[in-house]
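Peer 1: File follows, data_22.tsv with TSV, C-alpha atoms:
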```tsv
chain	number	residue	atom	x	y	z
L	1	MET	CA	14.70	19.48	-9.59
L	2	GLU	CA	11.57	20.51	-7.68
L	3	ASN	CA	9.33	17.67	-6.51
L	4	LYS	CA	5.72	18.80	-6.69
L	5	ILE	CA	3.23	17.08	-4.40
L	6	GLU	CA	-0.45	17.80	-4.94
L	7	TYR	CA	-2.31	17.80	-1.61
L	8	LEU	CA	-6.04	17.16	-1.70
L	9	ILE	CA	-6.43	17.45	2.06
L	10	GLY	CA	-4.09	19.35	4.41
L	11	LYS	CA	-0.76	21.04	3.74
L	12	GLU	CA	2.91	20.35	4.46
L	13	GLN	CA	3.07	22.70	7.43
L	14	ASP	CA	0.45	20.60	9.23
L	15	PHE	CA	2.96	17.73	9.37
L	16	TYR	CA	5.80	19.92	10.64
L	17	ASP	CA	3.53	21.51	13.28
L	18	PHE	CA	2.46	18.06	14.53
L	19	LEU	CA	6.10	16.96	14.63
L	20	ASP	CA	7.12	20.08	16.58
L	21	ARG	CA	4.44	19.39	19.21
L	22	ILE	CA	6.06	16.08	20.17
L	23	THR	CA	7.94	16.44	23.46
L	24	LYS	CA	10.33	14.21	25.40
L	25	LYS	CA	7.38	13.06	27.51
L	26	ASP	CA	5.52	11.69	24.50
L	27	LYS	CA	5.53	8.04	23.51
L	28	VAL	CA	5.24	7.72	19.73
L	29	ALA	CA	3.87	4.94	17.52
L	30	ILE	CA	4.10	4.38	13.77
L	31	VAL	CA	1.28	2.44	12.08
L	32	SER	CA	1.64	1.60	8.41
L	33	HIS	CA	0.34	-0.68	5.67
L	34	ILE	CA	1.77	-4.14	4.94
L	35	ASP	CA	3.07	-3.50	1.41
L	36	LEU	CA	6.22	-1.81	0.09
L	37	ASP	CA	4.64	1.65	0.26
L	38	GLY	CA	3.74	1.02	3.89
L	39	ILE	CA	7.16	-0.38	4.83
L	40	ALA	CA	9.07	2.41	3.05
L	41	SER	CA	6.80	5.01	4.64
L	42	ALA	CA	7.53	3.63	8.10
L	43	ILE	CA	11.29	3.65	7.39
L	44	PHE	CA	11.14	7.29	6.33
L	45	LEU	CA	8.99	8.30	9.31
L	46	GLN	CA	11.41	6.59	11.67
L	47	GLU	CA	14.30	8.45	10.02
L	48	ILE	CA	12.51	11.79	10.44
L	49	LEU	CA	11.80	11.06	14.10
L	50	LYS	CA	15.41	9.95	14.62
L	51	SER	CA	16.62	13.31	13.30
L	52	LYS	CA	14.52	14.92	16.03
L	53	GLY	CA	15.91	12.63	18.75
L	54	ILE	CA	12.67	10.62	18.96
L	55	LYS	CA	12.57	6.81	19.04
L	56	PRO	CA	9.17	5.22	18.28
L	57	LYS	CA	7.82	3.04	21.06
L	58	ILE	CA	5.66	0.94	18.71
L	59	LEU	CA	6.08	-0.02	15.05
L	60	GLU	CA	2.86	-1.64	13.81
L	61	PHE	CA	1.93	-2.94	10.36
L	62	THR	CA	-1.72	-3.54	9.56
L	63	GLU	CA	-4.00	-4.58	6.74
L	64	VAL	CA	-6.98	-2.39	5.99
L	65	GLY	CA	-10.64	-3.32	6.01
L	66	SER	CA	-13.47	-3.76	8.47
L	67	GLY	CA	-12.14	-4.10	12.03
L	68	ALA	CA	-8.53	-3.34	11.06
L	69	PHE	CA	-8.14	-0.66	13.74
L	70	SER	CA	-10.25	-2.24	16.49
L	71	LYS	CA	-7.35	-3.87	18.37
L	72	LEU	CA	-4.98	-0.90	18.25
L	73	PRO	CA	-6.30	1.12	21.24
L	74	LYS	CA	-5.52	-1.70	23.68
L	75	LYS	CA	-1.92	-1.94	22.40
L	76	PHE	CA	-1.44	1.80	22.52
L	77	LYS	CA	-2.83	2.16	26.03
L	78	LYS	CA	-0.61	-0.65	27.29
L	79	LYS	CA	2.49	1.18	26.02
L	80	LYS	CA	1.08	4.59	27.07
L	81	ILE	CA	1.27	5.93	23.51
L	82	THR	CA	0.40	9.62	23.14
L	83	LYS	CA	1.21	10.47	19.50
L	84	ILE	CA	0.70	8.28	16.40
L	85	PHE	CA	1.81	8.57	12.78
L	86	MET	CA	-0.23	6.53	10.30
L	87	SER	CA	0.90	6.05	6.70
L	88	ASP	CA	-0.54	4.47	3.55
L	89	ILE	CA	-3.72	3.64	5.46
L	90	ALA	CA	-7.10	3.81	3.70
L	91	GLU	CA	-8.93	4.94	6.81
L	92	GLU	CA	-12.36	4.81	5.16
L	93	SER	CA	-12.15	1.00	5.02
L	94	ASP	CA	-12.69	0.98	8.81
L	95	TYR	CA	-13.77	4.56	9.38
L	96	THR	CA	-15.82	4.03	12.55
L	97	ASN	CA	-12.87	2.51	14.40
L	98	PHE	CA	-10.53	5.10	12.91
L	99	GLU	CA	-12.70	7.88	14.34
L	100	LYS	CA	-12.73	6.18	17.75
L	101	LEU	CA	-8.94	5.98	17.58
L	102	LYS	CA	-8.68	9.70	16.74
L	103	ASN	CA	-10.88	10.53	19.71
L	104	GLU	CA	-8.49	8.75	22.08
L	105	PHE	CA	-5.08	9.61	20.62
L	106	PHE	CA	-3.32	12.38	18.70
L	107	ILE	CA	-2.95	10.94	15.18
L	108	PHE	CA	-1.38	12.26	12.00
L	109	LEU	CA	-2.30	10.40	8.79
L	110	ILE	CA	-0.39	10.52	5.48
L	111	ASP	CA	-2.13	8.69	2.64
L	112	HIS	CA	-2.99	8.65	-1.07
L	113	HIS	CA	-6.24	6.65	-1.14
L	114	PRO	CA	-9.43	8.46	-2.23
L	115	SER	CA	-11.47	9.91	0.61
L	116	GLU	CA	-14.89	11.52	0.85
L	117	ASN	CA	-13.93	13.24	4.14
L	118	LYS	CA	-12.47	16.51	2.90
L	119	THR	CA	-12.13	18.46	6.17
L	120	GLN	CA	-10.11	16.15	8.41
L	121	ASN	CA	-7.56	17.59	10.83
L	122	ASN	CA	-4.00	16.23	10.99
L	123	VAL	CA	-4.38	14.52	7.61
L	124	LEU	CA	-2.31	14.80	4.45
L	125	LYS	CA	-4.08	13.29	1.46
L	126	THR	CA	-2.50	13.35	-1.98
L	127	LYS	CA	-3.70	12.21	-5.36
L	128	THR	CA	-3.22	8.51	-6.11
L	129	GLU	CA	0.07	8.89	-8.03
L	130	HIS	CA	1.80	10.46	-5.02
L	131	CYS	CA	2.24	7.35	-2.88
L	132	ALA	CA	2.71	7.78	0.86
L	133	ALA	CA	6.43	6.97	0.77
L	134	TRP	CA	7.03	9.62	-1.91
L	135	THR	CA	5.17	12.22	0.16
L	136	ILE	CA	7.07	11.38	3.35
L	137	TYR	CA	10.38	11.31	1.44
L	138	ASN	CA	9.73	14.88	0.32
L	139	LEU	CA	8.75	15.95	3.83
L	140	GLY	CA	11.83	14.31	5.29
L	141	GLN	CA	14.42	15.73	2.91
L	142	LYS	CA	13.48	19.21	4.13
L	143	ILE	CA	14.49	18.15	7.65
L	144	THR	CA	17.53	15.90	7.21
L	145	ASP	CA	19.69	14.18	4.55
L	146	PHE	CA	17.48	11.68	2.72
L	147	SER	CA	19.84	11.00	-0.20
L	148	LYS	CA	20.52	7.41	0.92
L	149	TRP	CA	16.81	6.59	0.51
L	150	LYS	CA	16.55	7.49	-3.20
L	151	ASN	CA	16.63	3.88	-4.41
L	152	LEU	CA	13.96	2.83	-1.92
L	153	VAL	CA	11.57	5.65	-2.74
L	154	CYS	CA	12.07	5.07	-6.48
L	155	ALA	CA	11.40	1.33	-6.12
L	156	THR	CA	8.23	2.10	-4.17
L	157	MET	CA	7.06	4.58	-6.80
L	158	ILE	CA	7.36	1.85	-9.45
L	159	VAL	CA	5.12	-0.56	-7.51
L	160	GLU	CA	2.59	2.22	-6.87
L	161	PHE	CA	2.59	3.42	-10.53
L	162	SER	CA	3.62	6.88	-9.37
L	163	TYR	CA	5.38	7.34	-12.72
L	164	ASN	CA	1.95	8.00	-14.29
L	165	ASP	CA	2.49	11.56	-13.02
L	166	GLU	CA	4.95	13.25	-15.39
L	167	ASN	CA	6.81	15.11	-12.63
L	168	ASN	CA	7.25	11.88	-10.69
L	169	PHE	CA	8.49	10.12	-13.83
L	170	ASN	CA	11.07	12.87	-14.33
L	171	PHE	CA	12.34	12.30	-10.77
L	172	LEU	CA	12.67	8.58	-11.45
L	173	LYS	CA	14.39	9.31	-14.75
L	174	SER	CA	16.90	11.61	-13.03
L	175	ASN	CA	18.00	8.67	-10.86
L	176	PHE	CA	17.59	5.91	-13.47
L	177	PRO	CA	18.29	7.52	-16.87
L	178	ASP	CA	17.54	4.36	-18.88
L	179	LEU	CA	13.98	4.06	-17.50
L	180	THR	CA	11.12	4.00	-19.99
L	181	LYS	CA	7.40	3.79	-19.26
L	182	GLU	CA	7.06	0.96	-21.78
L	183	ASP	CA	9.39	-1.40	-19.90
L	184	VAL	CA	9.21	-0.25	-16.29
L	185	MET	CA	9.02	-3.66	-14.61
L	186	ASN	CA	12.11	-4.98	-16.40
L	187	SER	CA	14.18	-1.88	-15.62
L	188	GLU	CA	16.89	-1.65	-12.96
L	189	VAL	CA	14.53	0.10	-10.54
L	190	GLY	CA	11.73	-2.33	-11.45
L	191	ARG	CA	13.93	-5.25	-10.45
L	192	LEU	CA	14.77	-3.42	-7.23
L	193	SER	CA	11.08	-3.02	-6.44
L	194	ASN	CA	10.62	-6.79	-6.96
L	195	LEU	CA	13.51	-7.47	-4.59
L	196	PHE	CA	11.96	-5.41	-1.78
L	197	SER	CA	8.40	-6.59	-2.43
L	198	SER	CA	9.44	-10.26	-2.41
L	199	ALA	CA	10.93	-9.93	1.07
L	200	ILE	CA	7.69	-8.37	2.33
L	201	ILE	CA	5.64	-11.18	0.79
L	202	TYR	CA	7.89	-13.93	2.15
L	203	LEU	CA	8.06	-12.34	5.60
L	204	LYS	CA	4.40	-11.37	5.83
L	205	ASN	CA	4.19	-12.84	9.34
L	206	ASN	CA	7.37	-11.03	10.43
L	207	LEU	CA	7.19	-7.63	8.76
L	208	LYS	CA	9.49	-6.03	11.30
L	209	LYS	CA	12.23	-8.32	9.97
L	210	ALA	CA	11.43	-7.19	6.42
L	211	PHE	CA	11.50	-3.59	7.65
L	212	ASN	CA	14.97	-4.10	9.16
L	213	LEU	CA	16.42	-5.95	6.14
L	214	ILE	CA	15.20	-3.31	3.68
L	215	SER	CA	16.26	-0.37	5.85
L	216	LYS	CA	19.75	-1.86	6.26
L	217	ASP	CA	20.21	-2.92	2.60
L	218	LYS	CA	20.75	-6.60	3.40
L	219	PHE	CA	20.75	-7.53	-0.27
L	220	LYS	CA	22.07	-11.09	0.04
L	221	LYS	CA	19.17	-12.07	2.29
L	222	LEU	CA	16.73	-10.13	0.14
L	223	GLU	CA	17.92	-12.03	-2.96
L	224	LYS	CA	17.25	-15.33	-1.20
L	225	PHE	CA	13.63	-14.42	-0.59
L	226	ASN	CA	13.29	-12.97	-4.08
L	227	ASN	CA	14.38	-16.23	-5.73
L	228	ILE	CA	11.75	-18.19	-3.79
L	229	ILE	CA	8.94	-15.73	-4.49
L	230	GLN	CA	9.78	-15.36	-8.19
L	231	ARG	CA	9.53	-19.14	-8.67
L	232	GLU	CA	6.07	-19.11	-7.07
L	233	PHE	CA	5.18	-16.06	-9.13
L	234	GLN	CA	5.88	-17.88	-12.41
L	235	LEU	CA	3.80	-20.88	-11.31
L	236	VAL	CA	0.79	-18.69	-10.53
L	237	VAL	CA	1.08	-16.77	-13.80
L	238	GLU	CA	1.11	-20.09	-15.70
L	239	LYS	CA	-1.89	-21.34	-13.72
L	240	PHE	CA	-3.73	-18.10	-14.44
L	241	GLY	CA	-3.21	-18.65	-18.17
L	242	LYS	CA	-4.81	-22.10	-17.91
L	243	GLU	CA	-7.62	-21.55	-15.42
L	244	ALA	CA	-8.74	-17.89	-15.36
L	245	GLU	CA	-12.31	-17.18	-16.46
L	246	PHE	CA	-12.68	-14.52	-19.16
L	247	TYR	CA	-15.85	-12.43	-19.57
L	248	PRO	CA	-15.70	-10.82	-23.06
L	249	ASP	CA	-18.58	-8.38	-22.52
L	250	LYS	CA	-16.72	-6.86	-19.56
L	251	ASN	CA	-13.23	-7.47	-21.02
L	252	ALA	CA	-12.39	-8.94	-17.60
L	253	TYR	CA	-10.60	-11.93	-16.13
L	254	PHE	CA	-11.53	-13.61	-12.83
L	255	PHE	CA	-9.15	-16.05	-11.15
L	256	TYR	CA	-9.53	-17.86	-7.81
L	257	TYR	CA	-6.38	-19.50	-6.48
L	258	ASN	CA	-4.56	-20.10	-3.21
L	259	PRO	CA	-0.82	-19.71	-3.77
L	260	ARG	CA	1.85	-20.79	-1.32
L	261	PHE	CA	2.66	-17.13	-0.64
L	262	PRO	CA	0.35	-14.06	-0.79
L	263	ILE	CA	1.45	-12.90	-4.24
L	264	GLY	CA	-1.94	-12.09	-5.74
L	265	SER	CA	-1.23	-8.36	-5.80
L	266	ALA	CA	2.15	-8.84	-7.53
L	267	VAL	CA	0.67	-11.21	-10.12
L	268	ILE	CA	-2.28	-9.00	-10.93
L	269	THR	CA	-0.02	-5.96	-11.28
L	270	TYR	CA	2.18	-7.83	-13.75
L	271	LEU	CA	-0.81	-9.08	-15.77
L	272	SER	CA	-2.46	-5.67	-15.91
L	273	VAL	CA	0.72	-4.05	-17.23
L	274	GLN	CA	0.87	-6.66	-20.01
L	275	GLN	CA	-2.78	-6.04	-21.00
L	276	SER	CA	-3.61	-2.54	-19.83
L	277	ASP	CA	-7.05	-2.48	-21.48
L	278	LYS	CA	-8.37	-5.46	-19.51
L	279	THR	CA	-9.71	-5.70	-15.96
L	280	PHE	CA	-8.28	-8.40	-13.68
L	281	PHE	CA	-9.72	-9.89	-10.49
L	282	ILE	CA	-7.73	-12.37	-8.40
L	283	ALA	CA	-9.37	-13.96	-5.34
L	284	SER	CA	-7.80	-16.09	-2.60
L	285	ASP	CA	-8.64	-17.30	0.89
L	286	VAL	CA	-7.82	-15.13	3.89
L	287	LYS	CA	-5.16	-17.22	5.63
L	288	ASP	CA	-6.14	-16.39	9.22
L	289	ASP	CA	-9.88	-16.86	8.59
L	290	LYS	CA	-10.85	-19.35	5.88
L	291	ASN	CA	-14.47	-18.14	6.03
L	292	PHE	CA	-13.33	-15.03	4.13
L	293	VAL	CA	-11.82	-14.36	0.72
L	294	LYS	CA	-9.92	-11.31	-0.46
L	295	VAL	CA	-9.98	-9.95	-4.00
L	296	SER	CA	-7.45	-7.70	-5.73
L	297	SER	CA	-8.41	-5.86	-8.91
L	298	ARG	CA	-6.46	-3.93	-11.55
L	299	ASN	CA	-7.09	-2.03	-14.78
L	300	GLN	CA	-4.24	0.21	-15.96
L	301	SER	CA	-6.24	2.09	-18.60
L	302	GLY	CA	-8.07	4.22	-16.04
L	303	LYS	CA	-11.29	3.69	-18.01
L	304	VAL	CA	-12.78	1.52	-15.23
L	305	ASN	CA	-13.15	2.99	-11.74
L	306	LEU	CA	-12.20	-0.04	-9.66
L	307	ASN	CA	-12.69	1.78	-6.38
L	308	GLU	CA	-16.37	2.19	-7.26
L	309	LEU	CA	-16.67	-1.23	-8.92
L	310	MET	CA	-15.32	-3.09	-5.87
L	311	LYS	CA	-17.76	-1.23	-3.63
L	312	LYS	CA	-20.52	-2.24	-6.03
L	313	GLY	CA	-19.26	-5.82	-5.74
L	314	ILE	CA	-19.72	-5.95	-1.96
L	315	ALA	CA	-23.09	-4.18	-1.94
L	316	GLY	CA	-25.49	-6.15	0.24
L	317	LEU	CA	-22.79	-8.53	1.52
L	318	GLU	CA	-22.37	-8.94	5.28
L	319	ASN	CA	-19.04	-8.22	7.00
L	320	ALA	CA	-17.59	-6.97	3.72
L	321	SER	CA	-15.20	-4.11	2.98
L	322	ALA	CA	-13.59	-2.68	-0.14
L	323	GLY	CA	-11.63	0.33	-1.31
L	324	GLY	CA	-8.55	1.62	-3.05
L	325	HIS	CA	-7.80	3.62	-6.18
L	326	ILE	CA	-9.37	4.05	-9.61
L	327	MET	CA	-6.89	1.64	-11.26
L	328	ALA	CA	-6.28	-0.68	-8.29
L	329	SER	CA	-8.63	-1.72	-5.52
L	330	ALA	CA	-9.25	-4.62	-3.14
L	331	GLY	CA	-12.01	-6.15	-1.07
L	332	ARG	CA	-12.74	-8.75	1.56
L	333	PHE	CA	-15.96	-10.67	2.20
L	334	LEU	CA	-17.35	-14.04	3.26
L	335	LYS	CA	-16.43	-16.93	0.95
L	336	LYS	CA	-20.08	-17.98	0.72
L	337	ASP	CA	-20.76	-14.68	-1.08
L	338	LEU	CA	-18.15	-15.15	-3.80
L	339	GLU	CA	-20.69	-15.87	-6.56
L	340	LYS	CA	-22.85	-12.93	-5.47
L	341	PHE	CA	-19.79	-10.69	-5.61
L	342	LYS	CA	-19.06	-11.86	-9.16
L	343	GLN	CA	-22.67	-11.24	-10.17
L	344	ASN	CA	-22.48	-7.71	-8.74
L	345	ILE	CA	-19.32	-6.72	-10.59
L	346	LEU	CA	-20.39	-8.32	-13.87
L	347	ALA	CA	-23.92	-6.91	-13.86
```
For this file, produce the structure as structure tokens.
Peer 2:
Amino acid sequence: MENKIEYLIGKEQDFYDFLDRITKKDKVAIVSHIDLDGIASAIFLQEILKSKGIKPKILEFTEVGSGAFSKLPKKFKKKKITKIFMSDIAEESDYTNFEKLKNEFFIFLIDHHPSENKTQNNVLKTKTEHCAAWTIYNLGQKITDFSKWKNLVCATMIVEFSYNDENNFNFLKSNFPDLTKEDVMNSEVGRLSNLFSSAIIYLKNNLKKAFNLISKDKFKKLEKFNNIIQREFQLVVEKFGKEAEFYPDKNAYFFYYNPRFPIGSAVITYLSVQQSDKTFFIASDVKDDKNFVKVSSRNQSGKVNLNELMKKGIAGLENASAGGHIMASAGRFLKKDLEKFKQNILA
């Protein structure tokens, strides 16, 4: 079956042209996001480069937000990097530093987050449902055999709700015939996505290990992490049921909690699937800087534009950043501004 990718910025040939311009003298880096889409994207990019006889010099995983790209130039210069692939990176969250980076290095970005910059060079932007891993999978299978990565790309598409696109759902269905949209998370591929995501959560401070375990199908080790994370997951869901604040006029829940592991995104995804008409906000401390909090938001109905709402939430707040998709977005700001943020989003 034909896999149709809708490009909002750029075209496929731009990627292949950039790839063809890489020579033996180049030193290549891959920079990707810290979730399953980011990890899978990096695995697929590495596989594409391997087919061309290219071994990346740097593999870097980064969060997004204000200052996210500020430390990268120093690392790249130290390793004499000349070409960079970036995947699943919402560049607008730190656009000033992203532009500085583009001025110093040759960068190709593949992403599915909304962008107001419609004329960027060396950028492939797709609509939200076409996650970065799915785009790179399609690019890669035109270069080399990608059949062994079908389970990984399908698991990633579940986490990213790529099945909301009918063509994408048909691809998933062709690999997992029993899949239904009504019970996605409890399906075989849904359980696989939990397995991979749990390893990334557990190994957040060692994502290269998660990258290696997932790329090499080390399922016994992945199951070990999954069991630990799923126990924590159930505890947080139960605590949410007891402590979350509900605002009837906005049909929204707000929950502030610091779990043992960073599972806020997984919990809020689960909750939003159960009650697709409601909006969920889960806040927690930023582990490496307790002066800040991060907030994840979800609403599966598509009737609330969370990308815009989160930006409204941080309006007027210092050192704050936010961005994402219509149905899923996130932000980061100073803890002292938490009540102001709530006032902004509930106004």
Peer 1: Between L:Glu91, L:Asp183, L:Glu63, L:Glu245, which residue has the minimum interatomic distance to Asp35 (chain L), considering all atoms listed in the file?
Peer 2: L:Glu63
Peer 1: Which one of L:Glu6, L:Glu166, L:Asp14, L:Asp217 sits closest to Thr128 (chain L) if you count all atoms listed in the file?
Peer 2: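 The answer is L:Glu6, which sits nearest to Thr128 (chain L).
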Peer 1: From the set L:Lys335, L:Lys11, L:Lys27, L:Arg298, which residue has the shortest atom-to-atom contact distance to Ser272 (chain L), counting only C-alpha atoms?
Peer 2: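 Of L:Lys335, L:Lys11, L:Lys27, L:Arg298, the one nearest Ser272 (chain L) is L:Arg298, counting only C-alpha atoms.
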Peer 1: Which polymer residues, whether protein, DNA or RNA, lie within 7 Å of the coordinate (-5.1, -18.6, -9.8) when you count all atoms listed in the file? List them as a short mmCIF file (atom, residue, chain, number, x, y, z; two decimals) with C-alpha atoms, in the frame of the given file, using the chain letters and numbers from the file.
Peer 2:
```cif
data_model
loop_
_atom_site.label_atom_id
_atom_site.label_comp_id
_atom_site.auth_asym_id
_atom_site.auth_seq_id
_atom_site.Cartn_x
_atom_site.Cartn_y
_atom_site.Cartn_z
CA VAL L 236 0.79 -18.69 -10.53
CA LYS L 239 -1.89 -21.34 -13.72
CA PHE L 240 -3.73 -18.10 -14.44
CA GLU L 243 -7.62 -21.55 -15.42
CA ALA L 244 -8.74 -17.89 -15.36
CA PHE L 255 -9.15 -16.05 -11.15
CA TYR L 256 -9.53 -17.86 -7.81
CA TYR L 257 -6.38 -19.50 -6.48
CA ASN L 258 -4.56 -20.10 -3.21
CA ILE L 282 -7.73 -12.37 -8.40
#
```
Peer 1: Using CA of Gly190 (chain L) and CA of Asn168 (chain L) as the two end points, give the distance in Å to one decimal.
Peer 2: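 Computed distance, CA of Gly190 (chain L) to CA of Asn168 (chain L), equals 14.9 Å.
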Peer 1: Any idea what the distance is between CA of Phe76 (chain L) and CA of Leu213 (chain L)?
Peer 2: 25.4 Å
Peer 1: Ranking L:Phe69, L:Leu49, L:Phe280, L:Ile158 by minimum distance to Ser193 (chain L) and counting all atoms listed in the file, which one comes first?
Peer 2: L:Ile158
Peer 1: Tell me, in Å to one decimal, how far CA of Ile84 (chain L) is from CA of Lys287 (chain L).
Peer 2: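 We find that CA of Ile84 (chain L) and CA of Lys287 (chain L) lie 28.3 Å from each other.
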Peer 1: Using only C-alpha atoms, can you tell me which of L:Asn97, L:Ser197, L:Asn344, L:Gln120 comes closest to Thr156 (chain L)?
Peer 2: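 Of all the options, L:Ser197 lies closest to Thr156 (chain L).
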Peer 1: With all atoms listed in the file as the basis for distance, which of L:Ile136, L:Ile229, L:Ile58, L:Val189 is at the shortest distance from Pro177 (chain L)?
Peer 2: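 When distances to Pro177 (chain L) are compared using all atoms listed in the file, the smallest one comes from L:Val189.
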Peer 1: Which residues, written as a VMD selection string, have at least one atom at most 8 Å from region 316-322 of chain L, with only C-alpha atoms counted and residues fewer than 3 positions away on the same chain left out?
Peer 2: chain L and resid 65 to 66 93 307 310 to 311 329 to 334 337
